Amino acid sequence: MSGQDQNFKNLVAHCKEYGFIYQSSEVYDGLAAVYDYGPNGVLLKNSIKEYWWKSMVQMQENIVGIDSAIFMHPKTWKASGHVDAFNDPLIDNKDSKKRYRADQLVEGYCEKIEKKINKEVDKAQKRFGDAFDKVQFLATNERCVKNQEKIDTIMKRMADAMTADDMVALKDLIVELEIADPENGSKNWTDVRQFNLMFNTQLGNISGEEGKLYLRPETAQGIFVNFLNVQKTTRQKLPFGIAQIGKAFRNEIVARQFIFRMREFEQMEMQFFVQPGTQKEWYDYWKKTRLNWHQVLHAAEKLRWHDHDNLAHYADAAVDIEFQFPFGFRELEGIHSRTDFDLKAHQELSGRKIQYFDPKTNESYVPFVVETSIGLDRMFLATMATALVNEQVPGQDDPNNTRDVLKLHPALSPIKCAILPLKKNDENIVAKAKEVFNALKGSIQCMYDDTGSIGKLYRRQDAIGTPFCLTIDFDSLEDNCVTVRDRDTLVQERIPIAELRAKLLPRVDMGGLLAKL
Ligand code: GAP
């Protein structure tokens with residue numbers, strides 16, 4: 001197993017061991033690509049939602065939020081194009097009987113070529129040391145240039161085939177590249193065919209097609225169909241946005257990589273409605289704004305842009321923000337210029353006028369839309385993957401004395417303060433510790449823990465990312481102070497109980513994170 005794979009395995013195990021994420025229905029051996037968030041997971045997830053919501057709604061004069069239903073009128077999905085065009089190209093291997101996404105087989109082939117490029121880069125980096133110029137090397141090294149050209153040609157052919165809905169061309173590409181089943185090496189493939197990703201269910205009181213309902217595959221349509229409701233009830237003028245956080249469902253065929261690709265997941269989406277002709281300017285604005293939001297939490301080199309080669313049916317421009325997950329750079333967020341496709345389609349199919357009257361121009365028109373769409377679960381995975389480190393305990397000489405520590409931004413940490421009585425059998429110390437818990441619990445997420453030795457309790461709090469551990473000892477009974485231990489530096493500070501709230505709240509509050517935007 002490579003170091004990368006081992007790190008990812010450790011991360012998944014850590015998520016389970018410390019109550020962040022469990023496999024759904026584990027007692028029945030689990031349900032593939034469906035996961036449950038545990039006690040620490042739900043707190044971290046809520047903090048990520050809060051960071052997104054406050055930056056998107058609270059801090060914007062012209063963006064409001066909604067929470068629309070998961071079930072929508074089935075015509076919604078006809079109008080949006082999902083019934084006809086929300087497909088993945090599937091291919092089966094006749095020998096292994098395994099099913100794959102044809103585009104992912106091709107991407108996997110290109111990733112192998114990319115690995116060769118990266119190997120060359122690593123080798124050269126070692127050879128040239130500090131003098132190494134990666135950009136120049138990639139542009140001039142013959143093997144790298146050839147391999148990159150190969151990737152570009154293959155990806156272009158795939159994008160063309162997907163755009164033209166040409167499944168024969170896609171199969172030809174797989175055959176020509178001699179792509180084999182990763183399971184058994186067989187090249188005995190079926191034809192490629194399209195598979196719709198929407199789950200459906202049935203209304204109880206209407207049988208047949210009429211009563212067919214879909215579980216929404218994106219939250220965006222709940223925003224589009226409410227455009228006029230929101231605009232009229234909030235008296236917003238263009239440009240303005242509507243934001244929403246909610247569940248989405250996709251019948252993913254190849255569901256893997258833990259919570260990266262799930263069948264039930266959460267999206268945080270914002271549709272920004274603009275005057276036709278100004279979409280490019282707003283697309284650029286939201287690209288910049290969203291990248292900045294990520295960079296407040298993650299180092300710039302962990303993020304990169306990926307322009308779509310194969311535009312979705314509704315878009316005139318689209319780009320992904322990719323994050324360096326433990327298994328490589330993958331899509332974390334999409335920014336899409338969706339034109340007037342959705343509002344126009346709903347207008348046509350519903351027969352209702354869905355237009356904005358512009359008081360500046362005295363005209364009515366269908367607004368254009370720029371969308372930002374991020375998967376909450378992917379953001380969770382990115383945050384956990386960055387935060388989890390195994391390091392030598394600060395201040396200790398022994399390199400073998402290590403700890404797992406989750407270096408989350410304190411505003412995101414599930415527990416902000418752990419309250420740890422040094423003697424769990426001493427009534428007075430326990431009473432004092434409870435007093436501290438009660439003094440803080442209204443404003444700070446705390447945990448009271450007396451279930452082990454102080455060393456073990458510290459390690460456990462490090463592993464869940466608690467920024468401050470407060471210990472209550474015999475001195476606390478005399479001086480009404482507690483010892484506050486900082487997770488990252490391990491520096492200890494004596495603080496009067498009466499001052500704890502005022503001193504700690506600004507250090508763990510979401511405001512600190514939002515101020516960086
Ligand atoms: N409304 C536009 C839209 O849904 P998308 O690129 O299909 O666009 C947006 O999805 C984001 O939703 C992705 O960038 C990703 O973070 C997340 N996402 C999509 N499919 C997912 C899945 N199966 N599991 C987890 N997250 C997913």
# chains A, B, ... in the order shown; residues from 1 in each chain; ligands from 1
call {"tool": "residues_around", "arguments": {"residues": "Phe137 of chain A", "least_positions_apart": "3", "cutoff": "10 Å", "atoms": "only C-alpha atoms", "output": "PyMOL selection string"}}
result
chain A and resi 120-121+124-125+132-134+140-142+144-145
call {"tool": "write_last_selection", "arguments": {"atoms": "N, CA and C atoms", "output": "PDB file, in the first residue's frame"}}
result
ATOM      1  N   GLU A 120       8.635  12.053 -12.898  1.00  0.00           N
ATOM      2  CA  GLU A 120       9.739  12.800 -13.545  1.00  0.00           C
ATOM      3  C   GLU A 120      10.036  14.076 -12.753  1.00  0.00           C
ATOM      4  N   VAL A 121       8.960  14.757 -12.344  1.00  0.00           N
ATOM      5  CA  VAL A 121       9.113  16.014 -11.599  1.00  0.00           C
ATOM      6  C   VAL A 121       9.843  15.748 -10.277  1.00  0.00           C
ATOM      7  N   ALA A 124      13.529  15.096 -10.862  1.00  0.00           N
ATOM      8  CA  ALA A 124      14.263  16.314 -11.216  1.00  0.00           C
ATOM      9  C   ALA A 124      14.411  17.231 -10.007  1.00  0.00           C
ATOM     10  N   GLN A 125      13.344  17.272  -9.208  1.00  0.00           N
ATOM     11  CA  GLN A 125      13.375  18.125  -8.011  1.00  0.00           C
ATOM     12  C   GLN A 125      14.524  17.700  -7.087  1.00  0.00           C
ATOM     13  N   PHE A 132      15.350  24.177  -8.678  1.00  0.00           N
ATOM     14  CA  PHE A 132      14.389  23.541  -9.588  1.00  0.00           C
ATOM     15  C   PHE A 132      13.213  24.470  -9.916  1.00  0.00           C
ATOM     16  N   ASP A 133      12.923  24.605 -11.219  1.00  0.00           N
ATOM     17  CA  ASP A 133      11.790  25.421 -11.661  1.00  0.00           C
ATOM     18  C   ASP A 133      10.773  24.477 -12.298  1.00  0.00           C
ATOM     19  N   LYS A 134       9.723  24.158 -11.542  1.00  0.00           N
ATOM     20  CA  LYS A 134       8.759  23.133 -11.974  1.00  0.00           C
ATOM     21  C   LYS A 134       8.057  23.531 -13.271  1.00  0.00           C
ATOM     22  N   THR A 140       9.401  22.008 -20.808  1.00  0.00           N
ATOM     23  CA  THR A 140      10.532  21.695 -21.689  1.00  0.00           C
ATOM     24  C   THR A 140      10.966  20.229 -21.671  1.00  0.00           C
ATOM     25  N   ASN A 141      10.681  19.509 -20.619  1.00  0.00           N
ATOM     26  CA  ASN A 141      11.120  18.101 -20.576  1.00  0.00           C
ATOM     27  C   ASN A 141      10.320  17.290 -21.612  1.00  0.00           C
ATOM     28  N   GLU A 142      11.062  16.622 -22.496  1.00  0.00           N
ATOM     29  CA  GLU A 142      10.418  15.979 -23.650  1.00  0.00           C
ATOM     30  C   GLU A 142       9.369  14.943 -23.224  1.00  0.00           C
ATOM     31  N   CYS A 144       7.744  14.690 -20.397  1.00  0.00           N
ATOM     32  CA  CYS A 144       6.573  15.318 -19.751  1.00  0.00           C
ATOM     33  C   CYS A 144       5.666  15.960 -20.798  1.00  0.00           C
ATOM     34  N   VAL A 145       6.286  16.662 -21.742  1.00  0.00           N
ATOM     35  CA  VAL A 145       5.490  17.353 -22.766  1.00  0.00           C
ATOM     36  C   VAL A 145       4.690  16.328 -23.564  1.00  0.00           C
TER      37      VAL A 145
END
call {"tool": "residues_near_ligand", "arguments": {"ligand": "ligand 1", "cutoff": "6 Å", "atoms": "only C-alpha atoms and all ligand atoms", "output": "tab-separated table (two decimals) with all heavy atoms, in the first residue's frame"}}
result
chain	number	residue	atom	x	y	z
A	218	GLU	N	-30.20	17.77	-7.19
A	218	GLU	CA	-29.50	19.01	-6.84
A	218	GLU	C	-30.52	19.89	-6.11
A	218	GLU	O	-31.72	19.77	-6.36
A	218	GLU	CB	-28.96	19.74	-8.09
A	218	GLU	CG	-30.03	20.17	-9.08
A	218	GLU	CD	-29.52	21.10	-10.19
A	218	GLU	OE1	-28.32	21.32	-10.29
A	218	GLU	OE2	-30.37	21.60	-10.95
A	220	ALA	N	-30.60	23.11	-6.39
A	220	ALA	CA	-30.78	24.34	-7.18
A	220	ALA	C	-32.21	24.54	-7.70
A	220	ALA	O	-32.72	25.66	-7.72
A	220	ALA	CB	-29.81	24.32	-8.36
A	250	ARG	N	-28.17	10.93	-5.62
A	250	ARG	CA	-27.78	10.48	-6.96
A	250	ARG	C	-27.46	9.00	-6.91
A	250	ARG	O	-26.73	8.55	-6.01
A	250	ARG	CB	-26.55	11.26	-7.47
A	250	ARG	CG	-26.85	12.72	-7.66
A	250	ARG	CD	-25.68	13.49	-8.23
A	250	ARG	NE	-26.01	14.92	-8.17
A	250	ARG	CZ	-25.22	15.89	-8.56
A	250	ARG	NH1	-24.02	15.60	-9.06
A	250	ARG	NH2	-25.59	17.15	-8.46
A	260	PHE	N	-16.53	10.98	-0.42
A	260	PHE	CA	-16.31	11.83	-1.59
A	260	PHE	C	-17.47	11.67	-2.59
A	260	PHE	O	-17.96	12.65	-3.13
A	260	PHE	CB	-14.99	11.49	-2.28
A	260	PHE	CG	-14.74	12.33	-3.49
A	260	PHE	CD1	-14.24	13.61	-3.37
A	260	PHE	CD2	-15.04	11.85	-4.77
A	260	PHE	CE1	-14.05	14.41	-4.48
A	260	PHE	CE2	-14.84	12.64	-5.88
A	260	PHE	CZ	-14.34	13.92	-5.74
A	261	ARG	N	-17.86	10.43	-2.83
A	261	ARG	CA	-18.96	10.20	-3.78
A	261	ARG	C	-20.03	9.35	-3.09
A	261	ARG	O	-19.86	8.17	-2.88
A	261	ARG	CB	-18.44	9.48	-5.03
A	261	ARG	CG	-19.40	9.53	-6.19
A	261	ARG	CD	-18.81	8.97	-7.46
A	261	ARG	NE	-17.66	9.69	-7.93
A	261	ARG	CZ	-17.68	10.88	-8.54
A	261	ARG	NH1	-18.84	11.48	-8.76
A	261	ARG	NH2	-16.58	11.46	-8.94
A	262	MET	N	-21.12	10.02	-2.72
A	262	MET	CA	-22.16	9.33	-1.97
A	262	MET	C	-23.46	9.28	-2.77
A	262	MET	O	-23.63	10.01	-3.74
A	262	MET	CB	-22.43	10.09	-0.66
A	262	MET	CG	-21.23	10.16	0.25
A	262	MET	SD	-21.39	11.55	1.35
A	262	MET	CE	-22.22	10.82	2.73
A	263	ARG	N	-24.36	8.41	-2.31
A	263	ARG	CA	-25.67	8.35	-2.97
A	263	ARG	C	-26.63	9.36	-2.32
A	263	ARG	O	-27.56	9.83	-2.96
A	263	ARG	CB	-26.23	6.93	-2.91
A	263	ARG	CG	-25.32	5.97	-3.68
A	263	ARG	CD	-26.01	4.67	-4.06
A	263	ARG	NE	-25.25	4.00	-5.09
A	263	ARG	CZ	-24.43	2.95	-4.92
A	263	ARG	NH1	-24.31	2.43	-3.72
A	263	ARG	NH2	-23.79	2.43	-5.92
A	265	PHE	N	-26.25	12.93	-0.18
A	265	PHE	CA	-25.23	13.87	0.28
A	265	PHE	C	-25.87	15.24	0.45
A	265	PHE	O	-27.07	15.42	0.20
A	265	PHE	CB	-24.05	13.92	-0.71
A	265	PHE	CG	-24.43	14.28	-2.12
A	265	PHE	CD1	-24.25	15.58	-2.61
A	265	PHE	CD2	-24.97	13.33	-2.98
A	265	PHE	CE1	-24.60	15.92	-3.91
A	265	PHE	CE2	-25.32	13.66	-4.28
A	265	PHE	CZ	-25.14	14.95	-4.75
A	267	GLN	N	-25.68	19.48	-0.30
A	267	GLN	CA	-25.09	20.55	-1.12
A	267	GLN	C	-25.32	21.90	-0.44
A	267	GLN	O	-26.31	22.09	0.28
A	267	GLN	CB	-25.75	20.59	-2.50
A	267	GLN	CG	-25.40	19.42	-3.39
A	267	GLN	CD	-25.97	19.57	-4.78
A	267	GLN	OE1	-27.13	19.93	-4.94
A	267	GLN	NE2	-25.17	19.28	-5.80
A	331	GLU	N	-12.75	17.38	-7.75
A	331	GLU	CA	-13.72	18.49	-7.62
A	331	GLU	C	-14.25	18.63	-6.20
A	331	GLU	O	-14.70	17.65	-5.60
A	331	GLU	CB	-14.89	18.23	-8.58
A	331	GLU	CG	-15.99	19.25	-8.43
A	331	GLU	CD	-17.21	18.94	-9.29
A	331	GLU	OE1	-17.16	18.03	-10.13
A	331	GLU	OE2	-18.23	19.64	-9.09
A	332	LEU	N	-14.20	19.87	-5.72
A	332	LEU	CA	-14.79	20.18	-4.42
A	332	LEU	C	-16.01	21.08	-4.60
A	332	LEU	O	-17.02	20.94	-3.93
A	332	LEU	CB	-13.71	20.88	-3.55
A	332	LEU	CG	-14.13	21.49	-2.24
A	332	LEU	CD1	-14.74	20.46	-1.31
A	332	LEU	CD2	-12.91	22.11	-1.54
A	333	GLU	N	-15.90	22.03	-5.53
A	333	GLU	CA	-16.98	23.00	-5.74
A	333	GLU	C	-17.07	23.32	-7.22
A	333	GLU	O	-16.05	23.33	-7.92
A	333	GLU	CB	-16.67	24.27	-4.94
A	333	GLU	CG	-17.56	25.45	-5.29
A	333	GLU	CD	-17.70	26.48	-4.17
A	333	GLU	OE1	-17.01	26.35	-3.15
A	333	GLU	OE2	-18.51	27.41	-4.35
A	334	GLY	N	-18.28	23.60	-7.68
A	334	GLY	CA	-18.45	24.02	-9.08
A	334	GLY	C	-18.99	25.44	-9.13
A	334	GLY	O	-19.83	25.83	-8.31
A	373	SER	N	-21.78	25.96	-6.23
A	373	SER	CA	-22.33	24.72	-5.68
A	373	SER	C	-21.22	23.88	-5.07
A	373	SER	O	-20.32	23.41	-5.76
A	373	SER	CB	-23.01	23.95	-6.81
A	373	SER	OG	-23.45	22.69	-6.33
A	374	ILE	N	-21.30	23.72	-3.75
A	374	ILE	CA	-20.26	22.95	-3.07
A	374	ILE	C	-20.89	21.79	-2.31
A	374	ILE	O	-21.96	21.93	-1.73
A	374	ILE	CB	-19.43	23.86	-2.12
A	374	ILE	CG1	-18.48	23.02	-1.25
A	374	ILE	CG2	-20.27	24.74	-1.25
A	374	ILE	CD1	-17.48	23.85	-0.48
A	375	GLY	N	-20.23	20.65	-2.35
A	375	GLY	CA	-20.70	19.49	-1.59
A	375	GLY	C	-20.21	19.61	-0.15
A	375	GLY	O	-19.00	19.72	0.10
A	377	ASP	N	-20.29	17.38	2.20
A	377	ASP	CA	-19.53	16.21	2.65
A	377	ASP	C	-18.10	16.24	2.11
A	377	ASP	O	-17.16	15.84	2.79
A	377	ASP	CB	-20.25	14.93	2.19
A	377	ASP	CG	-21.73	14.99	2.53
A	377	ASP	OD1	-22.10	14.59	3.62
A	377	ASP	OD2	-22.50	15.50	1.69
A	378	ARG	N	-17.95	16.75	0.88
A	378	ARG	CA	-16.59	16.87	0.33
A	378	ARG	C	-15.79	17.92	1.09
A	378	ARG	O	-14.61	17.76	1.32
A	378	ARG	CB	-16.65	17.23	-1.16
A	378	ARG	CG	-17.05	16.04	-1.98
A	378	ARG	CD	-16.82	16.24	-3.45
A	378	ARG	NE	-17.49	15.16	-4.15
A	378	ARG	CZ	-17.59	15.06	-5.46
A	378	ARG	NH1	-17.06	15.97	-6.24
A	378	ARG	NH2	-18.21	14.03	-6.01
call {"tool": "residues_around", "arguments": {"residues": "segment 225-238 of chain A", "least_positions_apart": "5", "cutoff": "12 Å", "atoms": "only C-alpha atoms", "output": "count of residues only"}}
result
53
call {"tool": "atom_distance", "arguments": {"atom1": "atom CA of Asn87 of chain A", "atom2": "atom CA of Arg99 of chain A"}}
result
14.7 Å
call {"tool": "closest_residue", "arguments": {"among": "A:Glu266, A:Glu17, A:Asp5, A:Glu435", "to": "Ile464 of chain A", "atoms": "only C-alpha atoms"}}
result
A:Glu17
call {"tool": "select_by_dssp", "arguments": {"residues": "segment 312-464 of chain A", "states": "strand (DSSP E or B)", "output": "PyMOL selection string"}}
result
chain A and resi 317-325+328-339+356-358+363-365+368-375+388-392+402-406+417-421+446-448
call {"tool": "select_by_dssp", "arguments": {"residues": "segment 285-496 of chain A", "states": "alpha helix (DSSP H)", "output": "number ranges by chain"}}
result
A: 285-295, 341-350, 376-387, 427-440, 454-464, 474-479
call {"tool": "closest_atom_pairs", "arguments": {"of": "segment 347-391 of chain A", "to": "segment 488-502 of chain A", "cutoff": "12 Å", "atoms": "only C-alpha atoms", "output": "JSON lines"}}
result
{"residue": "A:Ala387", "atom": "CA", "partner": "A:Asp488", "partner_atom": "CA", "distance": 11.6}
{"residue": "A:Val389", "atom": "CA", "partner": "A:Asp488", "partner_atom": "CA", "distance": 11.2}
{"residue": "A:Glu391", "atom": "CA", "partner": "A:Asp488", "partner_atom": "CA", "distance": 10.6}
call {"tool": "residues_around", "arguments": {"residues": "Gly108 of chain A", "least_positions_apart": "6", "cutoff": "10 Å", "atoms": "only C-alpha atoms", "output": "PDB file with N, CA and C atoms, in the first residue's frame"}}
result
ATOM      1  N   ALA A 102     -17.754   4.738 -17.881  1.00  0.00           N
ATOM      2  CA  ALA A 102     -16.802   4.735 -18.999  1.00  0.00           C
ATOM      3  C   ALA A 102     -15.855   5.929 -18.905  1.00  0.00           C
ATOM      4  N   GLU A 114      -0.435  10.816 -15.764  1.00  0.00           N
ATOM      5  CA  GLU A 114      -0.077  11.970 -14.917  1.00  0.00           C
ATOM      6  C   GLU A 114       0.918  11.544 -13.834  1.00  0.00           C
ATOM      7  N   ILE A 179      -7.873  -0.258 -22.484  1.00  0.00           N
ATOM      8  CA  ILE A 179      -8.146  -0.145 -21.037  1.00  0.00           C
ATOM      9  C   ILE A 179      -8.730  -1.476 -20.552  1.00  0.00           C
ATOM     10  N   PRO A 182     -10.009  -3.022 -13.993  1.00  0.00           N
ATOM     11  CA  PRO A 182      -9.041  -2.968 -12.892  1.00  0.00           C
ATOM     12  C   PRO A 182      -9.099  -4.203 -11.996  1.00  0.00           C
TER      13      PRO A 182
END
call {"tool": "closest_residue", "arguments": {"among": "A:His294, A:Lys94, A:Arg330, A:Arg143", "to": "His306 of chain A", "atoms": "only C-alpha atoms"}}
result
A:Arg330
call {"tool": "residues_around", "arguments": {"residues": "Ile91 of chain A", "least_positions_apart": "6", "cutoff": "8 Å", "atoms": "only C-alpha atoms", "output": "ChimeraX atom specification"}}
result
/A:99-102,189-193
call {"tool": "write_last_selection", "arguments": {"atoms": "N, CA and C atoms", "output": "tab-separated table (two decimals), in the first residue's frame"}}
result
chain	number	residue	atom	x	y	z
A	99	ARG	N	-19.50	-3.31	-13.18
A	99	ARG	CA	-19.98	-2.16	-13.96
A	99	ARG	C	-19.11	-0.94	-13.64
A	100	TYR	N	-18.79	-0.18	-14.65
A	100	TYR	CA	-17.94	1.01	-14.47
A	100	TYR	C	-18.53	2.20	-15.19
A	101	ARG	N	-18.07	3.39	-14.77
A	101	ARG	CA	-18.37	4.58	-15.56
A	101	ARG	C	-17.31	4.68	-16.63
A	102	ALA	N	-17.75	4.74	-17.88
A	102	ALA	CA	-16.80	4.73	-19.00
A	102	ALA	C	-15.86	5.93	-18.90
A	189	TRP	N	-15.48	-5.90	-23.10
A	189	TRP	CA	-16.45	-4.88	-22.66
A	189	TRP	C	-17.77	-4.96	-23.42
A	190	THR	N	-18.85	-4.56	-22.75
A	190	THR	CA	-20.13	-4.35	-23.45
A	190	THR	C	-20.08	-2.99	-24.12
A	191	ASP	N	-21.16	-2.63	-24.84
A	191	ASP	CA	-21.26	-1.26	-25.36
A	191	ASP	C	-21.45	-0.29	-24.18
A	192	VAL	N	-21.21	0.99	-24.46
A	192	VAL	CA	-21.45	2.00	-23.42
A	192	VAL	C	-22.90	2.47	-23.55
A	193	ARG	N	-23.60	2.59	-22.42
A	193	ARG	CA	-24.97	3.14	-22.51
A	193	ARG	C	-25.20	4.13	-21.38
call {"tool": "closest_residue", "arguments": {"among": "A:Lys45, A:Pro326, A:Leu457, A:Val135", "to": "Val12 of chain A", "atoms": "only C-alpha atoms"}}
result
A:Pro326
call {"tool": "closest_residue", "arguments": {"among": "A:Thr153, A:Ala159, A:Gly395, A:Asn188", "to": "Lys97 of chain A", "atoms": "only C-alpha atoms"}}
result
A:Asn188
call {"tool": "decode", "arguments": {"residues": "segment 438-455 of chain A", "atoms": "N, CA and C atoms", "output": "short mmCIF file (atom, residue, chain, number, x, y, z; two decimals), in the first residue's frame"}}
result
data_model
loop_
_atom_site.label_atom_id
_atom_site.label_comp_id
_atom_site.auth_asym_id
_atom_site.auth_seq_id
_atom_site.Cartn_x
_atom_site.Cartn_y
_atom_site.Cartn_z
N ASN A 438 -21.15 24.70 33.66
CA ASN A 438 -22.41 25.45 33.63
C ASN A 438 -22.21 26.91 33.26
N ALA A 439 -21.06 27.46 33.65
CA ALA A 439 -20.80 28.88 33.34
C ALA A 439 -20.57 29.09 31.84
N LEU A 440 -20.05 28.06 31.17
CA LEU A 440 -19.69 28.23 29.75
C LEU A 440 -20.71 27.66 28.77
N LYS A 441 -21.52 26.68 29.22
CA LYS A 441 -22.31 25.88 28.27
C LYS A 441 -23.30 26.70 27.43
N GLY A 442 -23.75 27.83 27.94
CA GLY A 442 -24.72 28.64 27.18
C GLY A 442 -24.10 29.30 25.96
N SER A 443 -22.80 29.50 25.98
CA SER A 443 -22.20 30.23 24.85
C SER A 443 -21.10 29.46 24.14
N ILE A 444 -20.58 28.40 24.75
CA ILE A 444 -19.47 27.66 24.12
C ILE A 444 -19.77 26.17 24.18
N GLN A 445 -19.53 25.46 23.06
CA GLN A 445 -19.74 24.00 23.06
C GLN A 445 -18.63 23.34 23.89
N CYS A 446 -19.03 22.81 25.06
CA CYS A 446 -18.06 22.21 25.97
C CYS A 446 -18.31 20.72 26.12
N MET A 447 -17.32 20.02 26.66
CA MET A 447 -17.51 18.61 27.01
C MET A 447 -16.91 18.40 28.40
N TYR A 448 -17.68 17.74 29.26
CA TYR A 448 -17.17 17.40 30.58
C TYR A 448 -16.66 15.97 30.50
N ASP A 449 -15.43 15.72 30.90
CA ASP A 449 -14.91 14.35 30.78
C ASP A 449 -14.02 14.00 31.97
N ASP A 450 -14.37 12.91 32.64
CA ASP A 450 -13.54 12.47 33.76
C ASP A 450 -13.28 10.97 33.65
N THR A 451 -13.28 10.48 32.39
CA THR A 451 -13.27 9.02 32.20
C THR A 451 -11.87 8.40 32.08
N GLY A 452 -10.81 9.14 32.38
CA GLY A 452 -9.48 8.54 32.27
C GLY A 452 -8.45 9.41 32.95
N SER A 453 -7.19 8.98 32.83
CA SER A 453 -6.11 9.78 33.39
C SER A 453 -5.99 11.05 32.56
N ILE A 454 -5.37 12.09 33.12
CA ILE A 454 -5.33 13.37 32.41
C ILE A 454 -4.58 13.22 31.07
N GLY A 455 -3.53 12.39 31.04
CA GLY A 455 -2.77 12.18 29.80
C GLY A 455 -3.67 11.63 28.71
#
